[in-house]
>>> print(open('coords-v8.cif').read())   # mmCIF, C-alpha atoms
data_coords
#
loop_
_atom_site.label_atom_id
_atom_site.label_comp_id
_atom_site.auth_asym_id
_atom_site.auth_seq_id
_atom_site.Cartn_x
_atom_site.Cartn_y
_atom_site.Cartn_z
CA MET A 1 -4.14 -17.70 9.59
CA ALA A 2 -5.01 -16.48 6.13
CA ASN A 3 -4.59 -12.80 5.39
CA ARG A 4 -6.98 -10.46 3.65
CA SER A 5 -5.51 -10.89 0.16
CA CYS A 6 -5.67 -14.66 0.47
CA VAL A 7 -9.35 -14.60 1.44
CA ILE A 8 -10.12 -12.22 -1.44
CA ARG A 9 -8.47 -14.74 -3.78
CA LEU A 10 -10.51 -17.59 -2.29
CA SER A 11 -13.65 -15.61 -3.18
CA ARG A 12 -12.40 -15.30 -6.74
CA TYR A 13 -11.64 -19.01 -7.03
CA LYS A 14 -15.08 -19.76 -5.64
CA ASN A 15 -16.76 -17.45 -8.16
CA ALA A 16 -14.83 -19.06 -11.00
CA LEU A 17 -15.87 -22.51 -9.75
CA ASN A 18 -19.53 -21.48 -9.74
CA ARG A 19 -19.21 -20.49 -13.38
CA LEU A 20 -17.50 -23.79 -14.25
CA LYS A 21 -20.21 -25.69 -12.40
CA ALA A 22 -22.87 -23.93 -14.48
CA LEU A 23 -21.01 -25.18 -17.58
CA ASN A 24 -21.04 -28.76 -16.21
CA PHE A 25 -17.29 -28.93 -15.68
CA VAL A 26 -16.27 -31.78 -13.41
CA ARG A 27 -12.54 -31.16 -13.00
CA VAL A 28 -10.47 -28.02 -12.76
CA PHE A 29 -6.73 -27.37 -12.57
CA SER A 30 -4.83 -24.78 -10.59
CA ASP A 31 -3.87 -23.17 -13.91
CA ASN A 32 -7.56 -22.62 -14.73
CA LEU A 33 -8.25 -20.97 -11.39
CA ALA A 34 -5.06 -18.94 -11.68
CA ASP A 35 -6.25 -17.54 -15.02
CA ALA A 36 -9.67 -16.69 -13.61
CA ALA A 37 -8.25 -14.93 -10.56
CA GLY A 38 -5.31 -13.26 -12.28
CA VAL A 39 -2.62 -14.98 -10.19
CA THR A 40 -0.10 -17.77 -10.71
CA ALA A 41 -0.95 -21.45 -10.38
CA ALA A 42 1.64 -21.71 -7.60
CA GLN A 43 -0.28 -19.04 -5.68
CA VAL A 44 -3.52 -21.04 -6.07
CA ARG A 45 -1.89 -24.18 -4.69
CA LYS A 46 -0.27 -22.23 -1.85
CA ASP A 47 -3.62 -20.68 -0.87
CA PHE A 48 -5.31 -24.08 -0.91
CA SER A 49 -2.57 -25.77 1.08
CA LEU A 50 -3.13 -23.20 3.84
CA PHE A 51 -6.57 -24.78 4.29
CA GLY A 52 -5.44 -28.35 3.78
CA ILE A 53 -7.00 -28.56 0.32
CA THR A 54 -4.97 -30.84 -1.91
CA GLY A 55 -5.58 -31.82 -5.50
CA ASN A 56 -4.98 -35.24 -7.00
CA ARG A 57 -1.63 -36.42 -8.27
CA ARG A 58 -2.02 -34.67 -11.63
CA GLY A 59 -2.85 -31.35 -9.99
CA GLY A 60 -6.57 -31.43 -10.62
CA TYR A 61 -9.49 -30.77 -8.28
CA LYS A 62 -13.10 -31.94 -8.44
CA VAL A 63 -15.24 -28.87 -9.05
CA ASP A 64 -18.03 -29.96 -6.70
CA GLU A 65 -15.76 -30.90 -3.81
CA LEU A 66 -13.57 -27.84 -4.13
CA SER A 67 -16.59 -25.58 -4.36
CA ASP A 68 -18.04 -27.09 -1.15
CA GLN A 69 -14.73 -26.66 0.65
CA LEU A 70 -14.36 -23.02 -0.37
CA ASN A 71 -18.00 -22.26 0.49
CA LYS A 72 -17.44 -23.67 3.93
CA ILE A 73 -14.26 -21.65 4.51
CA LEU A 74 -16.02 -18.50 3.34
CA GLY A 75 -19.04 -19.16 5.56
CA LYS A 76 -21.29 -19.63 2.55
CA ASP A 77 -22.72 -22.90 3.74
CA GLN A 78 -25.25 -20.76 5.60
CA LEU A 79 -27.22 -17.62 4.72
CA GLN A 80 -25.45 -14.47 5.90
CA GLU A 81 -27.55 -11.49 6.87
CA VAL A 82 -26.21 -7.96 6.60
CA ILE A 83 -27.60 -4.56 7.58
CA VAL A 84 -26.94 -1.34 5.69
CA ILE A 85 -26.79 1.97 7.53
CA GLY A 86 -27.31 5.22 5.65
CA MET A 87 -29.79 5.42 2.80
CA GLY A 88 -27.92 7.84 0.56
CA ASN A 89 -27.02 6.94 -3.02
CA ILE A 90 -24.55 4.22 -2.11
CA GLY A 91 -26.60 2.75 0.74
CA LYS A 92 -29.76 2.54 -1.37
CA ALA A 93 -27.84 0.93 -4.23
CA LEU A 94 -26.47 -1.74 -1.89
CA LEU A 95 -29.91 -2.33 -0.39
CA HIS A 96 -31.23 -3.27 -3.81
CA TYR A 97 -28.08 -4.81 -5.28
CA GLY A 98 -29.34 -8.09 -6.73
CA GLY A 99 -25.88 -9.64 -7.02
CA LEU A 100 -25.70 -10.54 -3.34
CA GLU A 101 -28.86 -12.64 -2.91
CA LYS A 102 -27.71 -15.33 -5.32
CA SER A 103 -24.49 -15.75 -3.38
CA GLY A 104 -26.13 -16.40 -0.03
CA ILE A 105 -25.88 -12.87 1.34
CA LYS A 106 -29.15 -11.26 2.34
CA ILE A 107 -29.67 -7.62 3.24
CA ALA A 108 -31.79 -7.87 6.40
CA ALA A 109 -32.67 -4.18 6.67
CA GLY A 110 -31.58 -0.64 5.94
CA PHE A 111 -31.42 2.12 8.56
CA ASP A 112 -31.49 5.90 8.39
CA ILE A 113 -32.31 8.87 10.60
CA ASP A 114 -34.49 10.61 7.99
CA PRO A 115 -38.19 9.68 8.39
CA ALA A 116 -38.72 10.40 4.67
CA LYS A 117 -36.59 7.34 3.95
CA PHE A 118 -38.32 4.90 6.31
CA ASP A 119 -40.09 2.02 4.59
CA PRO A 120 -40.90 -0.62 7.20
CA ASP A 121 -42.81 -2.79 4.72
CA GLY A 122 -40.12 -2.65 2.01
CA GLN A 123 -38.11 -5.61 0.81
CA PRO A 124 -35.75 -5.15 2.59
CA PRO A 125 -37.36 -2.73 5.09
CA VAL A 126 -35.82 0.66 5.88
CA LEU A 127 -36.06 1.37 9.61
CA PRO A 128 -35.24 4.24 11.97
CA LEU A 129 -31.67 4.16 13.28
CA ASP A 130 -33.20 4.09 16.77
CA ASP A 131 -34.39 0.54 16.05
CA LEU A 132 -30.89 -0.71 15.17
CA LEU A 133 -30.01 -2.01 18.61
CA SER A 134 -33.17 -4.06 19.03
CA VAL A 135 -33.19 -5.46 15.48
CA VAL A 136 -29.53 -6.49 15.58
CA GLN A 137 -29.83 -8.08 19.02
CA LYS A 138 -33.13 -9.84 18.35
CA ARG A 139 -31.86 -11.39 15.13
CA GLY A 140 -28.29 -11.96 16.29
CA LEU A 141 -26.80 -10.08 13.33
CA VAL A 142 -23.04 -9.54 13.15
CA LEU A 143 -22.40 -7.89 9.76
CA GLY A 144 -23.05 -4.33 8.69
CA VAL A 145 -22.33 -1.92 5.86
CA LEU A 146 -21.73 1.68 6.83
CA ALA A 147 -22.70 4.26 4.19
CA VAL A 148 -23.25 7.44 6.17
CA PRO A 149 -21.51 10.85 5.75
CA ASP A 150 -17.98 11.07 7.15
CA TYR A 151 -18.91 13.23 10.14
CA ALA A 152 -21.43 10.63 11.36
CA ALA A 153 -19.35 7.53 10.68
CA GLN A 154 -17.50 7.12 13.98
CA GLN A 155 -20.62 7.60 16.08
CA VAL A 156 -22.70 5.17 14.02
CA LEU A 157 -19.84 2.66 14.09
CA GLU A 158 -19.89 2.75 17.89
CA LEU A 159 -23.66 2.24 17.89
CA MET A 160 -23.28 -0.77 15.59
CA LEU A 161 -20.60 -2.32 17.78
CA SER A 162 -22.58 -1.77 20.96
CA ALA A 163 -25.47 -3.62 19.30
CA GLY A 164 -23.25 -6.62 18.61
CA ILE A 165 -22.03 -6.08 15.04
CA LYS A 166 -18.60 -7.70 14.59
CA GLY A 167 -17.74 -6.94 10.97
CA VAL A 168 -18.22 -3.64 9.16
CA LEU A 169 -17.72 -2.71 5.52
CA ASN A 170 -17.21 1.05 5.57
CA PHE A 171 -18.07 3.21 2.56
CA ALA A 172 -18.00 6.47 4.50
CA PRO A 173 -15.10 8.57 3.16
CA ILE A 174 -13.08 8.36 6.34
CA CYS A 175 -10.68 5.68 7.52
CA LEU A 176 -12.31 4.09 10.57
CA LYS A 177 -10.29 2.27 13.15
CA ALA A 178 -11.51 -1.13 14.24
CA PRO A 179 -11.77 -1.42 17.99
CA GLU A 180 -10.79 -4.67 19.70
CA GLY A 181 -13.04 -7.55 18.73
CA CYS A 182 -14.34 -6.05 15.51
CA ILE A 183 -13.21 -6.00 11.88
CA VAL A 184 -13.59 -2.89 9.74
CA ASN A 185 -12.79 -2.95 6.04
CA ASN A 186 -12.70 0.46 4.40
CA ILE A 187 -13.75 1.01 0.79
CA ASN A 188 -13.13 4.58 -0.25
CA LEU A 189 -14.31 5.39 -3.76
CA GLU A 190 -12.32 8.59 -3.89
CA SER A 191 -9.11 6.81 -2.88
CA GLU A 192 -9.74 4.10 -5.45
CA LEU A 193 -10.13 6.72 -8.18
CA GLU A 194 -7.06 8.61 -6.97
CA ASN A 195 -5.18 5.36 -7.11
CA LEU A 196 -6.17 4.88 -10.74
CA ILE A 197 -5.25 8.48 -11.55
CA TYR A 198 -1.83 8.05 -9.98
CA PHE A 199 -0.98 4.90 -11.91
CA VAL A 200 -2.40 6.19 -15.21
CA ASN A 201 -0.27 9.33 -14.84
CA ALA A 202 2.77 7.30 -13.81
CA ALA A 203 2.39 5.08 -16.90
CA ASN A 204 2.07 8.17 -19.11
CA ASN A 205 5.19 9.75 -17.63
CA GLU A 206 7.21 6.61 -18.28
CA LYS A 207 6.61 6.92 -22.02
CA MET D 1 7.75 3.29 -7.90
CA ALA D 2 5.03 3.39 -5.26
CA ASN D 3 2.75 0.40 -4.99
CA ARG D 4 -1.03 0.33 -4.68
CA SER D 5 -1.11 0.27 -0.86
CA CYS D 6 1.25 3.21 -0.64
CA VAL D 7 -0.90 5.32 -2.97
CA ILE D 8 -4.03 4.40 -1.00
CA ARG D 9 -2.25 5.63 2.13
CA LEU D 10 -1.28 8.88 0.40
CA SER D 11 -5.00 9.44 -0.29
CA ARG D 12 -5.72 8.94 3.38
CA TYR D 13 -3.02 11.36 4.47
CA LYS D 14 -4.32 13.89 1.97
CA ASN D 15 -7.90 13.51 3.28
CA ALA D 16 -6.71 13.96 6.86
CA LEU D 17 -4.77 17.08 5.81
CA ASN D 18 -7.89 18.55 4.21
CA ARG D 19 -9.72 18.13 7.50
CA LEU D 20 -6.85 19.73 9.45
CA LYS D 21 -6.81 22.61 6.97
CA ALA D 22 -10.50 23.20 7.57
CA LEU D 23 -9.68 23.44 11.28
CA ASN D 24 -6.95 26.03 10.56
CA PHE D 25 -4.09 23.75 11.58
CA VAL D 26 -0.73 24.98 10.33
CA ARG D 27 1.59 22.12 11.30
CA VAL D 28 1.13 18.38 11.44
CA PHE D 29 3.35 15.54 12.63
CA SER D 30 3.80 12.08 11.19
CA ASP D 31 2.16 10.72 14.35
CA ASN D 32 -1.02 12.71 13.60
CA LEU D 33 -1.20 11.40 10.04
CA ALA D 34 -0.41 7.89 11.26
CA ASP D 35 -3.40 8.01 13.62
CA ALA D 36 -5.69 9.29 10.88
CA ALA D 37 -4.63 6.62 8.40
CA GLY D 38 -4.35 3.76 10.88
CA VAL D 39 -0.63 3.11 10.26
CA THR D 40 2.61 3.76 12.14
CA ALA D 41 4.46 7.07 12.05
CA ALA D 42 7.45 5.25 10.55
CA GLN D 43 5.24 4.13 7.68
CA VAL D 44 4.13 7.73 7.06
CA ARG D 45 7.74 8.93 6.90
CA LYS D 46 8.73 6.03 4.65
CA ASP D 47 5.85 6.78 2.25
CA PHE D 48 6.81 10.44 2.12
CA SER D 49 10.50 9.75 1.61
CA LEU D 50 9.59 7.73 -1.49
CA PHE D 51 8.41 11.00 -3.00
CA GLY D 52 11.21 13.14 -1.59
CA ILE D 53 8.93 14.76 0.98
CA THR D 54 10.85 15.56 4.15
CA GLY D 55 9.66 17.21 7.32
CA ASN D 56 11.57 19.69 9.43
CA ARG D 57 14.09 18.71 12.08
CA ARG D 58 11.42 18.07 14.71
CA GLY D 59 9.45 15.80 12.38
CA GLY D 60 6.72 18.26 11.53
CA TYR D 61 5.26 19.26 8.19
CA LYS D 62 3.47 22.40 7.09
CA VAL D 63 -0.14 21.47 6.36
CA ASP D 64 -0.42 23.70 3.28
CA GLU D 65 2.83 22.60 1.67
CA LEU D 66 2.30 18.93 2.37
CA SER D 67 -1.25 19.12 1.07
CA ASP D 68 -0.05 20.71 -2.18
CA GLN D 69 2.64 18.07 -2.59
CA LEU D 70 0.22 15.19 -2.05
CA ASN D 71 -2.37 16.73 -4.36
CA LYS D 72 0.21 16.98 -7.08
CA ILE D 73 1.33 13.36 -6.65
CA LEU D 74 -2.28 12.20 -6.73
CA GLY D 75 -3.06 14.27 -9.82
CA LYS D 76 -5.46 16.46 -7.86
CA ASP D 77 -3.91 19.69 -9.02
CA GLN D 78 -6.24 19.38 -12.01
CA LEU D 79 -9.87 18.32 -12.43
CA GLN D 80 -10.19 14.63 -13.27
CA GLU D 81 -13.10 13.49 -15.41
CA VAL D 82 -14.48 9.99 -15.14
CA ILE D 83 -17.17 8.11 -17.07
CA VAL D 84 -19.46 5.47 -15.55
CA ILE D 85 -20.72 2.59 -17.66
CA GLY D 86 -23.83 0.67 -16.63
CA MET D 87 -26.75 2.48 -15.02
CA GLY D 88 -27.86 -0.23 -12.61
CA ASN D 89 -28.09 0.41 -8.87
CA ILE D 90 -24.36 0.85 -8.36
CA GLY D 91 -23.72 2.85 -11.53
CA LYS D 92 -26.56 5.26 -10.80
CA ALA D 93 -25.35 5.73 -7.23
CA LEU D 94 -21.86 6.60 -8.43
CA LEU D 95 -23.23 8.97 -11.06
CA HIS D 96 -24.88 11.00 -8.33
CA TYR D 97 -22.34 10.44 -5.55
CA GLY D 98 -21.72 13.94 -4.23
CA GLY D 99 -18.53 13.02 -2.40
CA LEU D 100 -16.42 13.10 -5.54
CA GLU D 101 -17.08 16.61 -6.85
CA LYS D 102 -15.59 18.29 -3.82
CA SER D 103 -12.37 16.35 -4.28
CA GLY D 104 -11.78 17.38 -7.84
CA ILE D 105 -13.25 14.31 -9.53
CA LYS D 106 -16.10 14.98 -11.95
CA ILE D 107 -18.36 12.36 -13.49
CA ALA D 108 -18.40 13.43 -17.14
CA ALA D 109 -21.20 11.10 -18.27
CA GLY D 110 -22.96 7.80 -17.70
CA PHE D 111 -23.54 5.21 -20.42
CA ASP D 112 -26.02 2.37 -20.85
CA ILE D 113 -27.57 0.27 -23.61
CA ASP D 114 -31.14 0.67 -22.32
CA PRO D 115 -32.91 3.64 -24.01
CA ALA D 116 -35.17 3.95 -20.93
CA LYS D 117 -32.08 5.09 -19.01
CA PHE D 118 -30.84 7.70 -21.47
CA ASP D 119 -30.90 11.26 -20.17
CA PRO D 120 -28.78 13.41 -22.47
CA ASP D 121 -29.71 16.62 -20.64
CA GLY D 122 -29.03 15.23 -17.16
CA GLN D 123 -26.28 16.43 -14.84
CA PRO D 124 -24.28 14.35 -15.61
CA PRO D 125 -25.89 13.13 -18.88
CA VAL D 126 -26.65 9.45 -19.48
CA LEU D 127 -25.81 8.53 -23.07
CA PRO D 128 -26.13 5.47 -25.31
CA LEU D 129 -23.15 3.12 -25.11
CA ASP D 130 -22.79 3.63 -28.87
CA ASP D 131 -21.66 7.20 -28.17
CA LEU D 132 -18.86 6.11 -25.83
CA LEU D 133 -16.10 6.06 -28.42
CA SER D 134 -16.81 9.55 -29.74
CA VAL D 135 -17.33 11.14 -26.30
CA VAL D 136 -14.16 9.64 -24.84
CA GLN D 137 -12.05 10.56 -27.84
CA LYS D 138 -13.46 14.07 -28.27
CA ARG D 139 -12.87 14.92 -24.60
CA GLY D 140 -9.65 12.98 -24.19
CA LEU D 141 -10.95 11.02 -21.19
CA VAL D 142 -8.81 8.28 -19.65
CA LEU D 143 -10.71 7.10 -16.55
CA GLY D 144 -13.80 4.93 -16.35
CA VAL D 145 -15.90 3.04 -13.84
CA LEU D 146 -17.37 -0.25 -15.02
CA ALA D 147 -20.67 -1.24 -13.38
CA VAL D 148 -22.25 -3.64 -15.86
CA PRO D 149 -23.36 -7.27 -15.30
CA ASP D 150 -20.56 -9.85 -15.22
CA TYR D 151 -21.35 -11.35 -18.63
CA ALA D 152 -20.98 -7.97 -20.34
CA ALA D 153 -17.89 -6.77 -18.46
CA GLN D 154 -15.10 -8.09 -20.69
CA GLN D 155 -16.71 -6.82 -23.88
CA VAL D 156 -17.41 -3.36 -22.45
CA LEU D 157 -13.87 -3.21 -21.04
CA GLU D 158 -12.49 -3.79 -24.54
CA LEU D 159 -14.73 -1.06 -25.93
CA MET D 160 -13.49 1.35 -23.24
CA LEU D 161 -9.85 0.56 -23.97
CA SER D 162 -10.30 0.92 -27.72
CA ALA D 163 -11.76 4.37 -27.05
CA GLY D 164 -8.63 5.38 -25.13
CA ILE D 165 -9.55 4.73 -21.48
CA LYS D 166 -6.36 3.88 -19.51
CA GLY D 167 -7.67 3.28 -15.99
CA VAL D 168 -10.77 1.31 -15.00
CA LEU D 169 -12.41 0.82 -11.63
CA ASN D 170 -14.40 -2.40 -12.04
CA PHE D 171 -17.51 -3.08 -9.94
CA ALA D 172 -18.74 -5.92 -12.16
CA PRO D 173 -18.61 -9.13 -10.11
CA ILE D 174 -15.87 -10.70 -12.20
CA CYS D 175 -12.11 -10.30 -11.95
CA LEU D 176 -11.03 -8.51 -15.12
CA LYS D 177 -7.52 -8.74 -16.42
CA ALA D 178 -5.80 -5.54 -17.38
CA PRO D 179 -4.35 -5.69 -20.87
CA GLU D 180 -0.98 -4.06 -21.58
CA GLY D 181 -1.08 -0.31 -21.14
CA CYS D 182 -4.16 -0.19 -18.94
CA ILE D 183 -4.83 -0.39 -15.20
CA VAL D 184 -7.88 -2.23 -13.87
CA ASN D 185 -8.72 -2.14 -10.16
CA ASN D 186 -11.43 -4.59 -9.14
CA ILE D 187 -13.89 -3.84 -6.33
CA ASN D 188 -16.10 -6.82 -5.67
CA LEU D 189 -18.77 -6.20 -3.05
CA GLU D 190 -19.48 -9.87 -2.62
CA SER D 191 -15.80 -10.66 -2.05
CA GLU D 192 -15.54 -7.81 0.45
CA LEU D 193 -18.49 -9.17 2.41
CA GLU D 194 -17.13 -12.73 2.21
CA ASN D 195 -13.87 -11.38 3.54
CA LEU D 196 -15.64 -9.87 6.54
CA ILE D 197 -17.59 -13.08 7.13
CA TYR D 198 -14.40 -15.11 7.07
CA PHE D 199 -12.60 -12.94 9.62
CA VAL D 200 -15.64 -12.56 11.88
CA ASN D 201 -16.01 -16.35 11.92
CA ALA D 202 -12.29 -16.84 12.45
CA ALA D 203 -12.36 -14.45 15.43
CA ASN D 204 -15.34 -16.32 16.88
CA ASN D 205 -13.64 -19.69 16.52
CA GLU D 206 -10.56 -18.44 18.32
CA LYS D 207 -12.56 -17.79 21.47
#
>>> encode(input="coords-v8.cif", output="structure tokens")
Amino acid sequence: MANRSCVIRLSRYKNALNRLKALNFVRVFSDNLADAAGVTAAQVRKDFSLFGITGNRRGGYKVDELSDQLNKILGKDQLQEVIVIGMGNIGKALLHYGGLEKSGIKIAAGFDIDPAKFDPDGQPPVLPLDDLLSVVQKRGLVLGVLAVPDYAAQQVLELMLSAGIKGVLNFAPICLKAPEGCIVNNINLESELENLIYFVNAANNEK
Amino acid sequence: MANRSCVIRLSRYKNALNRLKALNFVRVFSDNLADAAGVTAAQVRKDFSLFGITGNRRGGYKVDELSDQLNKILGKDQLQEVIVIGMGNIGKALLHYGGLEKSGIKIAAGFDIDPAKFDPDGQPPVLPLDDLLSVVQKRGLVLGVLAVPDYAAQQVLELMLSAGIKGVLNFAPICLKAPEGCIVNNINLESELENLIYFVNAANNEK
């Protein structure tokens, strides 16, 4: 099975293909995709071979075909609905982040515990956390973004899982463990910045 | 030299230590940190040994000492100032994200090209992109977050680098290449969600 890094690269190839499509390109080579994704052409071919995607004899791919294949692998042949929990700065930004809609990902609803943030008629609506279970079950949702404070994260994660959520993108500044049968990817802004700081300092010290 | 994953883990250990400190813990074991970071105890010890951090004979560490050592490695022994470019949903959220201040990271200023978004007296101020060069140079800043639309990302990245920025956290939905002498870490929300979708689907298909 593909690992996380491989799937992230597939997303990048797919995004590059969408741009090429918009420019009316018909064929693309592994070198082109390698440039766009910042990897080697050999890596591109290795990733594709994992999914049985082969180019023609001269190493080229048809943009349309390849795009369809990647969309299917990434589950983009159907609309994906996601909920966002926690209407702080990050949660609100994600709720209204326009970049997702055009790529087949729709924010179904936001949730919070603060009545001042409820907006049941909004696009997307913001609902009480108490409604999470019924909304998720009624609509058969499986994906959620967690953007609550660290002290609430574990408890809300458990609520999400009990409702039937299977995949969680966690922005809460705490490393959550994924229980059996669920995937949790952690994005920690502080860690990402610390990472940058470390490598910038390390580069400076080398000089 | 440490790699990206190792430094991300160091951040996690450091965050766990801060929590233990708040609870008045004096000693901590590699098993505790392993649990908090979702790795094995052997991994914790391996990461520490890379930086010459050793525990006592029974495998324990003093919370205070270890915390100081990690803070120093991660550059947290001094305040780090960061600029944010692009005042869309994500950029604005980061500008006002309270979680960073308490960990020694300060947003120095936001930048945009839209005069409607300027707020020179704000905390932090939002300034015209034209001022970026002078602000960055005057204050000797080296870290920036890029949150502009994809079509503008490469051009703004070059502007940042020419001003002296050495480390960039990129939220623009395009994979930017880091030129010589600069570090670019890409966070792509769409790719992260696609990643979740892939693994949730894969887990379903296994059943």
>>> resolve_selection(input="coords-v8.cif", expression="the PyMOL selection byres ((chain A) within 8 of (chain D))", output="ChimeraX atom specification")
/A:4,7-8,11-12,15,36-38,73-75,89-90,92-94,96-97,99-100,103,143,166-169,173-177,181-185,190-201,203
>>> residues_near_point(input="coords-v8.cif", point="(-11.6, 12.4, -25.7)", cutoff="12 Å", atoms="only C-alpha atoms", output="PyMOL selection string")
chain D and resi 81-83+108+131-143+160+162-166
>>> residues_around(input="coords-v8.cif", residues="A:Phe118", least_positions_apart="3", cutoff="6 Å", atoms="all atoms listed in the file", output="ChimeraX atom specification")
/A:115,126-127
>>> resolve_selection(input="coords-v8.cif", expression="the PyMOL selection byres ((chain A and resi 28) around 8)", output="list in words")
Phe25, Val26, Arg27, Phe29, Ser30, Asn32, Leu33, Gly60, Tyr61, Lys62 and Val63 of chain A
>>> write_last_selection(input="coords-v8.cif", atoms="C-alpha atoms", output="PDB file, keeping the file's coordinate frame")
ATOM      1  CA  PHE A  25     -17.290 -28.930 -15.680  1.00  0.00           C
ATOM      2  CA  VAL A  26     -16.270 -31.780 -13.410  1.00  0.00           C
ATOM      3  CA  ARG A  27     -12.540 -31.160 -13.000  1.00  0.00           C
ATOM      4  CA  PHE A  29      -6.730 -27.370 -12.570  1.00  0.00           C
ATOM      5  CA  SER A  30      -4.830 -24.780 -10.590  1.00  0.00           C
ATOM      6  CA  ASN A  32      -7.560 -22.620 -14.730  1.00  0.00           C
ATOM      7  CA  LEU A  33      -8.250 -20.970 -11.390  1.00  0.00           C
ATOM      8  CA  GLY A  60      -6.570 -31.430 -10.620  1.00  0.00           C
ATOM      9  CA  TYR A  61      -9.490 -30.770  -8.280  1.00  0.00           C
ATOM     10  CA  LYS A  62     -13.100 -31.940  -8.440  1.00  0.00           C
ATOM     11  CA  VAL A  63     -15.240 -28.870  -9.050  1.00  0.00           C
TER      12      VAL A  63
END
>>> residues_near_point(input="coords-v8.cif", point="(-31.5, 3.7, -21.7)", cutoff="10 Å", atoms="all atoms listed in the file", output="number ranges by chain")
D: 86-87, 111-119, 126-129
>>> atom_distance(input="coords-v8.cif", atom1="atom CA of A:Glu158", atom2="atom CA of A:Pro125")
22.3 Å
>>> atom_distance(input="coords-v8.cif", atom1="atom CA of A:Ile85", atom2="atom CA of D:Lys102")
22.8 Å
>>> atom_distance(input="coords-v8.cif", atom1="atom CA of D:Gln154", atom2="atom CA of D:Phe171")
12.1 Å
>>> decode(input="coords-v8.cif", residues="stretch 22-73 of chain D", atoms="C-alpha atoms", output="PDB file, in the first residue's frame")
ATOM      1  CA  ALA D  22       2.762  23.041  34.339  1.00  0.00           C
ATOM      2  CA  LEU D  23       1.787  19.983  36.384  1.00  0.00           C
ATOM      3  CA  ASN D  24       4.956  20.340  38.506  1.00  0.00           C
ATOM      4  CA  PHE D  25       6.554  17.153  37.211  1.00  0.00           C
ATOM      5  CA  VAL D  26      10.270  16.986  37.945  1.00  0.00           C
ATOM      6  CA  ARG D  27      11.317  13.830  36.083  1.00  0.00           C
ATOM      7  CA  VAL D  28      10.183  12.269  32.844  1.00  0.00           C
ATOM      8  CA  PHE D  29      11.052   9.008  31.098  1.00  0.00           C
ATOM      9  CA  SER D  30      11.491   8.307  27.417  1.00  0.00           C
ATOM     10  CA  ASP D  31       8.354   6.146  27.614  1.00  0.00           C
ATOM     11  CA  ASN D  32       6.309   9.167  28.754  1.00  0.00           C
ATOM     12  CA  LEU D  33       7.559  11.316  25.890  1.00  0.00           C
ATOM     13  CA  ALA D  34       7.054   8.441  23.463  1.00  0.00           C
ATOM     14  CA  ASP D  35       3.390   8.208  24.475  1.00  0.00           C
ATOM     15  CA  ALA D  36       2.899  11.953  24.104  1.00  0.00           C
ATOM     16  CA  ALA D  37       4.493  12.078  20.665  1.00  0.00           C
ATOM     17  CA  GLY D  38       3.069   8.806  19.369  1.00  0.00           C
ATOM     18  CA  VAL D  39       6.465   7.143  18.792  1.00  0.00           C
ATOM     19  CA  THR D  40       8.526   4.444  20.498  1.00  0.00           C
ATOM     20  CA  ALA D  41      10.767   5.084  23.492  1.00  0.00           C
ATOM     21  CA  ALA D  42      13.731   3.920  21.406  1.00  0.00           C
ATOM     22  CA  GLN D  43      12.941   6.643  18.886  1.00  0.00           C
ATOM     23  CA  VAL D  44      12.913   9.261  21.654  1.00  0.00           C
ATOM     24  CA  ARG D  45      16.333   8.153  22.896  1.00  0.00           C
ATOM     25  CA  LYS D  46      17.714   8.038  19.358  1.00  0.00           C
ATOM     26  CA  ASP D  47      16.470  11.577  18.653  1.00  0.00           C
ATOM     27  CA  PHE D  48      18.018  12.847  21.869  1.00  0.00           C
ATOM     28  CA  SER D  49      21.333  11.104  21.288  1.00  0.00           C
ATOM     29  CA  LEU D  50      21.619  12.951  17.972  1.00  0.00           C
ATOM     30  CA  PHE D  51      21.884  16.130  20.018  1.00  0.00           C
ATOM     31  CA  GLY D  52      24.033  14.664  22.782  1.00  0.00           C
ATOM     32  CA  ILE D  53      21.159  14.599  25.262  1.00  0.00           C
ATOM     33  CA  THR D  54      21.494  11.661  27.621  1.00  0.00           C
ATOM     34  CA  GLY D  55      19.286  10.619  30.494  1.00  0.00           C
ATOM     35  CA  ASN D  56      20.413   9.224  33.812  1.00  0.00           C
ATOM     36  CA  ARG D  57      21.196   5.568  34.416  1.00  0.00           C
ATOM     37  CA  ARG D  58      17.540   4.626  34.910  1.00  0.00           C
ATOM     38  CA  GLY D  59      16.502   6.316  31.667  1.00  0.00           C
ATOM     39  CA  GLY D  60      14.974   9.394  33.201  1.00  0.00           C
ATOM     40  CA  TYR D  61      15.432  13.055  32.367  1.00  0.00           C
ATOM     41  CA  LYS D  62      14.956  16.172  34.453  1.00  0.00           C
ATOM     42  CA  VAL D  63      12.000  18.069  33.020  1.00  0.00           C
ATOM     43  CA  ASP D  64      13.585  21.513  33.477  1.00  0.00           C
ATOM     44  CA  GLU D  65      16.949  20.615  31.990  1.00  0.00           C
ATOM     45  CA  LEU D  66      15.509  18.708  29.072  1.00  0.00           C
ATOM     46  CA  SER D  67      13.070  21.498  28.347  1.00  0.00           C
ATOM     47  CA  ASP D  68      15.906  24.051  28.270  1.00  0.00           C
ATOM     48  CA  GLN D  69      17.955  21.847  25.972  1.00  0.00           C
ATOM     49  CA  LEU D  70      15.084  21.341  23.522  1.00  0.00           C
ATOM     50  CA  ASN D  71      14.183  25.027  23.577  1.00  0.00           C
ATOM     51  CA  LYS D  72      17.730  25.894  22.684  1.00  0.00           C
ATOM     52  CA  ILE D  73      17.856  23.397  19.812  1.00  0.00           C
TER      53      ILE D  73
END
